[in-house]
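A.B. asks: This structure is in structure tokens; I'll ask about it shortly.
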Amino acid sequence: MNITICRKGDDISWDDLADLLHESFQERLQQGLHFSCSYLTANDLETQSNGDVVLVAVDTDDNILAGTVSFEINSKKKDKRAYHYNLAVRPQYKHYGIATQLLQKGVEIVKEHGCEYIISDTAVGAKSSVHWHLKNGFRIVGLKSWTNTNYYSYVFRKQLANDFWWENAIFNKLCFWLSSLKCRLCYHENGNLTRLMKGALWLLDKLRKLVGK
Ligand SMILES: CC(C)(COP(=O)(O)OP(=O)(O)OC[C@H]1O[C@@H](n2cnc3c(N)ncnc32)[C@H](O)[C@@H]1OP(=O)(O)O)[C@@H](O)C(=O)NCCC(=O)NCCS
């Protein structure tokens, strides 16, 4: 096995990439976790990745696409961050450090764009992915529920530049705790509003109408 990490070129089609994602996320489907990656078509991928950094890991011995990850860069003055998504490694290539190499290459690139931190997320129940994030310097800072999935997601943050607060484990824990409370009170795992949240919105609407009269 001889792995090369590089940006996706025209020699790799969006169909190849979609195929890799579907194969890699098969284990999540078997766990009952419906990641959007399992359903992305080549067209979805091309549209979603427009302008983003798409990295691939290629086994040059057998010319096999072994892994991929993408980064959406936001280097605006106020929020210099990158969003890490679509991380996938083909089953036979797992546990060889390929996901870690993809992240290292991504870190180099997003730093060149001035990003100070990376945000990522994964299903709470996707244990191997959670371990991978923690092992690679991400910290859990929040909980999120998306409408197109059937699970709560941990939100991770990896600091690239020194930041006193985000380097602090107690601050991270507090952020996670507050975010978790808000998420569980307001949303179900499938992103639908809870009865509590629906009630609160109904009450707000009534109050707004009353005040408006
Ligand atoms: C998560 C994933 C990307 C890791 O890829 P990888 O190339 O095998 O990861 P690396 O070799 O760089 O890192 C291995 C580390 O990840 C974690 N890990 C990977 N598989 C694991 C497993 N089955 N159980 C527990 N931890 C696991 C461990 O921390 C491991 O370190 P260790 O080998 O010292 O225990 C890969 O398993 C995958 O594609 N999974 C399916 C798709 C997915 O979940 N993507 C992430 C969505 S955010």
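FYI, nothing fancy with the structure tokens labels: chains A, B, ... in order, residues from 1 per chain, ligands from 1 as they appear.
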Excluding A:Ala161 and residues on its chain fewer than 5 positions from it, collect all residues at most 9 Å away from it, counting only C-alpha atoms, and give them as number ranges by chain.

C.D. replies: A: 111, 115-117

A.B. asks: Save the residues we just selected, N, CA and C atoms, as an mmCIF file, in the first residue's frame?

C.D. replies:
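Writing the result to part.cif gives the following:
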```cif
data_model
loop_
_atom_site.group_PDB
_atom_site.id
_atom_site.type_symbol
_atom_site.label_atom_id
_atom_site.label_comp_id
_atom_site.auth_asym_id
_atom_site.auth_seq_id
_atom_site.Cartn_x
_atom_site.Cartn_y
_atom_site.Cartn_z
ATOM 1 N N LYS A 111 -4.785 26.515 7.380
ATOM 2 C CA LYS A 111 -3.925 27.489 8.081
ATOM 3 C C LYS A 111 -3.421 28.534 7.091
ATOM 4 N N CYS A 115 -7.261 30.279 8.795
ATOM 5 C CA CYS A 115 -8.262 29.752 9.728
ATOM 6 C C CYS A 115 -7.631 29.510 11.102
ATOM 7 N N GLU A 116 -8.392 29.839 12.139
ATOM 8 C CA GLU A 116 -7.877 29.694 13.510
ATOM 9 C C GLU A 116 -8.403 28.443 14.203
ATOM 10 N N TYR A 117 -9.483 27.884 13.661
ATOM 11 C CA TYR A 117 -9.998 26.644 14.240
ATOM 12 C C TYR A 117 -10.823 25.869 13.219
#
```

A.B. asks: If you take only C-alpha atoms and a cut-off of 7 Å, which residues of stretch 22-82 of chain A touch stretch 145-156 of chain A, and what are their nearest atom pairs and distances in Å to one decimal, in chain and number order, as a Markdown table?

C.D. replies:
```
| residue | atom | partner | partner_atom | distance |
| --- | --- | --- | --- | --- |
| A:Leu33 | CA | A:Asn150 | CA | 6.6 |
| A:His34 | CA | A:Thr149 | CA | 5.6 |
| A:Phe35 | CA | A:Thr149 | CA | 6.0 |
| A:Ser36 | CA | A:Thr149 | CA | 6.7 |
```

A.B. asks: Write the residues of the selection above to a file with N, CA and C atoms, as an mmCIF file, in the first residue's frame.

C.D. replies:
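Below is the file that was written, out-v6.cif:
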```
data_model
loop_
_atom_site.group_PDB
_atom_site.id
_atom_site.type_symbol
_atom_site.label_atom_id
_atom_site.label_comp_id
_atom_site.auth_asym_id
_atom_site.auth_seq_id
_atom_site.Cartn_x
_atom_site.Cartn_y
_atom_site.Cartn_z
ATOM 1 N N LEU A 33 -27.696 4.424 11.838
ATOM 2 C CA LEU A 33 -27.417 5.868 11.794
ATOM 3 C C LEU A 33 -27.477 6.350 10.349
ATOM 4 N N HIS A 34 -28.421 7.229 10.072
ATOM 5 C CA HIS A 34 -28.629 7.678 8.691
ATOM 6 C C HIS A 34 -27.888 8.979 8.414
ATOM 7 N N PHE A 35 -26.589 8.864 8.139
ATOM 8 C CA PHE A 35 -25.784 10.032 7.766
ATOM 9 C C PHE A 35 -26.215 10.482 6.365
ATOM 10 N N SER A 36 -26.175 11.787 6.123
ATOM 11 C CA SER A 36 -26.548 12.264 4.777
ATOM 12 C C SER A 36 -25.563 11.732 3.736
#
```

A.B. asks: Produce a table with one row for each residue of chain A that has an atom at most 7 Å from any atom of ligand 1, each row naming the nearest atom pair and its distance in Å at one decimal; use only C-alpha atoms and all ligand atoms; arrange rows by chain and rising residue number; format as CSV.

C.D. replies:
```
residue,atom,partner,partner_atom_place_in_ligand_line,distance
A:Ser24,CA,ligand 1,41 (C),5.0
A:Phe25,CA,ligand 1,42 (C),4.7
A:Glu27,CA,ligand 1,41 (C),6.4
A:Arg28,CA,ligand 1,41 (C),6.6
A:Tyr85,CA,ligand 1,48 (S),6.5
A:Asn86,CA,ligand 1,47 (C),6.4
A:Leu87,CA,ligand 1,45 (N),4.8
A:Ala88,CA,ligand 1,39 (O),3.6
A:Val89,CA,ligand 1,39 (O),3.8
A:Arg90,CA,ligand 1,39 (O),6.2
A:Tyr93,CA,ligand 1,7 (O),6.6
A:Lys94,CA,ligand 1,8 (O),3.4
A:His95,CA,ligand 1,11 (O),3.5
A:Tyr96,CA,ligand 1,11 (O),4.3
A:Gly97,CA,ligand 1,11 (O),3.1
A:Ile98,CA,ligand 1,7 (O),4.0
A:Ala99,CA,ligand 1,7 (O),3.9
A:Thr100,CA,ligand 1,12 (O),3.8
A:Gln101,CA,ligand 1,12 (O),6.7
A:Asp121,CA,ligand 1,48 (S),5.8
A:Thr122,CA,ligand 1,48 (S),4.4
A:Ala126,CA,ligand 1,44 (O),6.3
A:Lys127,CA,ligand 1,25 (C),6.1
A:Ser128,CA,ligand 1,27 (C),3.7
A:Ser129,CA,ligand 1,1 (C),4.0
A:His131,CA,ligand 1,29 (O),4.4
A:Trp132,CA,ligand 1,16 (O),3.6
A:Lys135,CA,ligand 1,29 (O),5.3
```

A.B. asks: Using the selection just defined, write its residues with C-alpha atoms as a PDB file, in the first residue's frame.

C.D. replies:
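Dumped everything to result_20.pdb:
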```pdb
ATOM      1  CA  SER A  24     -17.558   3.744   3.849  1.00  0.00           C
ATOM      2  CA  PHE A  25     -20.830   4.799   5.501  1.00  0.00           C
ATOM      3  CA  GLU A  27     -21.217   0.537   8.647  1.00  0.00           C
ATOM      4  CA  ARG A  28     -23.217   3.520   9.917  1.00  0.00           C
ATOM      5  CA  TYR A  85     -17.075  17.274   6.492  1.00  0.00           C
ATOM      6  CA  ASN A  86     -17.531  14.124   4.378  1.00  0.00           C
ATOM      7  CA  LEU A  87     -14.693  12.250   6.115  1.00  0.00           C
ATOM      8  CA  ALA A  88     -14.633   8.669   4.831  1.00  0.00           C
ATOM      9  CA  VAL A  89     -12.143   5.838   4.492  1.00  0.00           C
ATOM     10  CA  ARG A  90     -12.892   2.684   2.497  1.00  0.00           C
ATOM     11  CA  TYR A  93      -8.098   0.928   4.399  1.00  0.00           C
ATOM     12  CA  LYS A  94      -9.345   1.745   7.902  1.00  0.00           C
ATOM     13  CA  HIS A  95      -6.919   1.866  10.864  1.00  0.00           C
ATOM     14  CA  TYR A  96      -3.872   2.737   8.720  1.00  0.00           C
ATOM     15  CA  GLY A  97      -3.886   6.403   9.749  1.00  0.00           C
ATOM     16  CA  ILE A  98      -5.377   7.592   6.437  1.00  0.00           C
ATOM     17  CA  ALA A  99      -8.055   9.793   8.050  1.00  0.00           C
ATOM     18  CA  THR A 100      -5.334  11.337  10.223  1.00  0.00           C
ATOM     19  CA  GLN A 101      -3.136  12.048   7.171  1.00  0.00           C
ATOM     20  CA  ASP A 121     -19.537  16.960  13.876  1.00  0.00           C
ATOM     21  CA  THR A 122     -20.520  13.322  14.053  1.00  0.00           C
ATOM     22  CA  ALA A 126     -20.656   6.661  15.899  1.00  0.00           C
ATOM     23  CA  LYS A 127     -18.093   5.620  18.506  1.00  0.00           C
ATOM     24  CA  SER A 128     -15.123   5.070  16.154  1.00  0.00           C
ATOM     25  CA  SER A 129     -15.619   8.504  14.630  1.00  0.00           C
ATOM     26  CA  HIS A 131     -12.715   8.406  19.189  1.00  0.00           C
ATOM     27  CA  TRP A 132     -11.003   9.479  15.998  1.00  0.00           C
ATOM     28  CA  LYS A 135      -7.531  11.337  19.288  1.00  0.00           C
TER      29      LYS A 135
END
```

A.B. asks: Work out how far apart atom CA of A:Lys158 and atom CA of A:Val54 are and give it in Å to one decimal.

C.D. replies: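 Going from atom CA of A:Lys158 over to atom CA of A:Val54, I get 18.8 Å.
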
A.B. asks: Need to verify the contact set: A:Cys175, 7 Å, only C-alpha atoms, exclusion of same-chain residues closer than 4 positions in sequence. Can you return it as a list of chain:residue names?

C.D. replies: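 Neighbouring residues, sequence-local ones excluded: A:Val141, A:Gly142, A:Phe171, A:Ser179.
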
A.B. asks: Could those residues be written to a file, using C-alpha atoms, as a compact mmCIF listing (two decimals), in the first residue's frame?

C.D. replies:
```txt
# COMPACT_ATOMS: atom_id res chain seq x y z
CA VAL A 141 -18.13 21.72 22.48
CA GLY A 142 -21.79 21.23 21.58
CA PHE A 171 -14.83 26.15 29.39
CA SER A 179 -25.57 23.45 24.19
```

A.B. asks: Please provide the set of residues having any atom within 9 Å of stretch 74-77 of chain A, restricted to only C-alpha atoms, with same-chain residues fewer than 4 positions apart removed, written as a list in words.

C.D. replies: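 Answer for this query is Arg81, Ala82, Tyr83, Val110, His113, Gly114, Cys115 and Glu116 of chain A.
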
A.B. asks: With N, CA and C atoms retained, write the just-selected residues as a PDB file, in the first residue's frame.

C.D. replies:
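Once everything was written out, this is result28.pdb:
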```pdb
ATOM      1  N   ARG A  81     -12.589  30.267  10.391  1.00  0.00           N
ATOM      2  CA  ARG A  81     -12.713  28.840  10.721  1.00  0.00           C
ATOM      3  C   ARG A  81     -12.917  28.021   9.456  1.00  0.00           C
ATOM      4  N   ALA A  82     -12.711  26.697   9.609  1.00  0.00           N
ATOM      5  CA  ALA A  82     -12.994  25.777   8.502  1.00  0.00           C
ATOM      6  C   ALA A  82     -13.953  24.718   9.022  1.00  0.00           C
ATOM      7  N   TYR A  83     -14.860  24.280   8.156  1.00  0.00           N
ATOM      8  CA  TYR A  83     -15.792  23.220   8.531  1.00  0.00           C
ATOM      9  C   TYR A  83     -15.361  21.921   7.842  1.00  0.00           C
ATOM     10  N   VAL A 110      -5.858  24.879   5.457  1.00  0.00           N
ATOM     11  CA  VAL A 110      -6.749  25.879   6.064  1.00  0.00           C
ATOM     12  C   VAL A 110      -5.955  26.923   6.861  1.00  0.00           C
ATOM     13  N   HIS A 113      -4.973  29.654   4.720  1.00  0.00           N
ATOM     14  CA  HIS A 113      -6.093  30.580   4.483  1.00  0.00           C
ATOM     15  C   HIS A 113      -6.401  31.417   5.725  1.00  0.00           C
ATOM     16  N   GLY A 114      -5.608  31.248   6.775  1.00  0.00           N
ATOM     17  CA  GLY A 114      -5.783  32.076   7.980  1.00  0.00           C
ATOM     18  C   GLY A 114      -6.803  31.541   8.971  1.00  0.00           C
ATOM     19  N   CYS A 115      -7.261  30.279   8.795  1.00  0.00           N
ATOM     20  CA  CYS A 115      -8.262  29.752   9.728  1.00  0.00           C
ATOM     21  C   CYS A 115      -7.631  29.510  11.102  1.00  0.00           C
ATOM     22  N   GLU A 116      -8.392  29.839  12.139  1.00  0.00           N
ATOM     23  CA  GLU A 116      -7.877  29.694  13.510  1.00  0.00           C
ATOM     24  C   GLU A 116      -8.403  28.443  14.203  1.00  0.00           C
TER      25      GLU A 116
END
```

A.B. asks: Would you please extract all alpha helix (DSSP H) residues from stretch 9-200 of chain A, as assigned by DSSP on the backbone, and give them as number ranges by chain?

C.D. replies: A: 14-24, 26-30, 42-48, 98-112, 127-135, 169-186, 195-200

A.B. asks: Please give the complete set of residues from stretch 2-206 of chain A that DSSP, run on the backbone, assigns to strand (DSSP E), formatted as a PyMOL selection string.

C.D. replies: chain A and resi 3-7+53-59+64-75+80-89+117-123+139-145+152-159

A.B. asks: Quick one: residues within 10 Å of A:Leu65, only C-alpha atoms counted, chain neighbours fewer than 4 positions away excluded, as a PDB file with N, CA and C atoms, in the first residue's frame?

C.D. replies:
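What ended up in selection38.pdb:
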```pdb
ATOM      1  N   ILE A   3       0.140   5.273  -0.005  1.00  0.00           N
ATOM      2  CA  ILE A   3      -0.937   6.276   0.028  1.00  0.00           C
ATOM      3  C   ILE A   3      -0.423   7.679  -0.304  1.00  0.00           C
ATOM      4  N   THR A   4      -1.097   8.329  -1.256  1.00  0.00           N
ATOM      5  CA  THR A   4      -0.791   9.728  -1.580  1.00  0.00           C
ATOM      6  C   THR A   4      -2.011  10.569  -1.231  1.00  0.00           C
ATOM      7  N   ILE A  12     -10.403  12.112 -10.937  1.00  0.00           N
ATOM      8  CA  ILE A  12     -11.316  11.399 -10.019  1.00  0.00           C
ATOM      9  C   ILE A  12     -12.706  12.006 -10.203  1.00  0.00           C
ATOM     10  N   ASP A  16     -17.040   8.504  -8.496  1.00  0.00           N
ATOM     11  CA  ASP A  16     -16.061   7.726  -7.702  1.00  0.00           C
ATOM     12  C   ASP A  16     -16.144   8.114  -6.233  1.00  0.00           C
ATOM     13  N   LEU A  17     -16.263   9.437  -6.008  1.00  0.00           N
ATOM     14  CA  LEU A  17     -16.291   9.947  -4.642  1.00  0.00           C
ATOM     15  C   LEU A  17     -17.577   9.524  -3.916  1.00  0.00           C
ATOM     16  N   ASP A  19     -19.322   6.917  -4.584  1.00  0.00           N
ATOM     17  CA  ASP A  19     -19.198   5.470  -4.363  1.00  0.00           C
ATOM     18  C   ASP A  19     -18.384   5.184  -3.086  1.00  0.00           C
ATOM     19  N   LEU A  20     -17.298   5.935  -2.925  1.00  0.00           N
ATOM     20  CA  LEU A  20     -16.455   5.783  -1.726  1.00  0.00           C
ATOM     21  C   LEU A  20     -17.253   6.108  -0.455  1.00  0.00           C
ATOM     22  N   VAL A  56      -8.273  13.882  -1.296  1.00  0.00           N
ATOM     23  CA  VAL A  56      -8.445  12.444  -1.492  1.00  0.00           C
ATOM     24  C   VAL A  56      -7.165  11.715  -1.091  1.00  0.00           C
ATOM     25  N   ALA A  57      -7.346  10.454  -0.675  1.00  0.00           N
ATOM     26  CA  ALA A  57      -6.205   9.575  -0.396  1.00  0.00           C
ATOM     27  C   ALA A  57      -6.267   8.481  -1.451  1.00  0.00           C
ATOM     28  N   VAL A  58      -5.181   8.358  -2.222  1.00  0.00           N
ATOM     29  CA  VAL A  58      -5.175   7.361  -3.295  1.00  0.00           C
ATOM     30  C   VAL A  58      -4.088   6.329  -3.019  1.00  0.00           C
ATOM     31  N   ASP A  59      -4.463   5.057  -3.146  1.00  0.00           N
ATOM     32  CA  ASP A  59      -3.457   3.994  -3.044  1.00  0.00           C
ATOM     33  C   ASP A  59      -2.854   3.854  -4.438  1.00  0.00           C
ATOM     34  N   THR A  60      -1.655   4.390  -4.614  1.00  0.00           N
ATOM     35  CA  THR A  60      -1.060   4.443  -5.951  1.00  0.00           C
ATOM     36  C   THR A  60      -0.561   3.067  -6.410  1.00  0.00           C
ATOM     37  N   VAL A  89     -13.252   6.713   4.911  1.00  0.00           N
ATOM     38  CA  VAL A  89     -12.143   5.838   4.492  1.00  0.00           C
ATOM     39  C   VAL A  89     -12.753   4.491   4.109  1.00  0.00           C
ATOM     40  N   ARG A  90     -12.341   3.960   2.971  1.00  0.00           N
ATOM     41  CA  ARG A  90     -12.892   2.684   2.497  1.00  0.00           C
ATOM     42  C   ARG A  90     -12.590   1.576   3.527  1.00  0.00           C
ATOM     43  N   TYR A  93      -9.206   0.006   4.124  1.00  0.00           N
ATOM     44  CA  TYR A  93      -8.098   0.928   4.399  1.00  0.00           C
ATOM     45  C   TYR A  93      -8.183   1.552   5.791  1.00  0.00           C
TER      46      TYR A  93
END
```
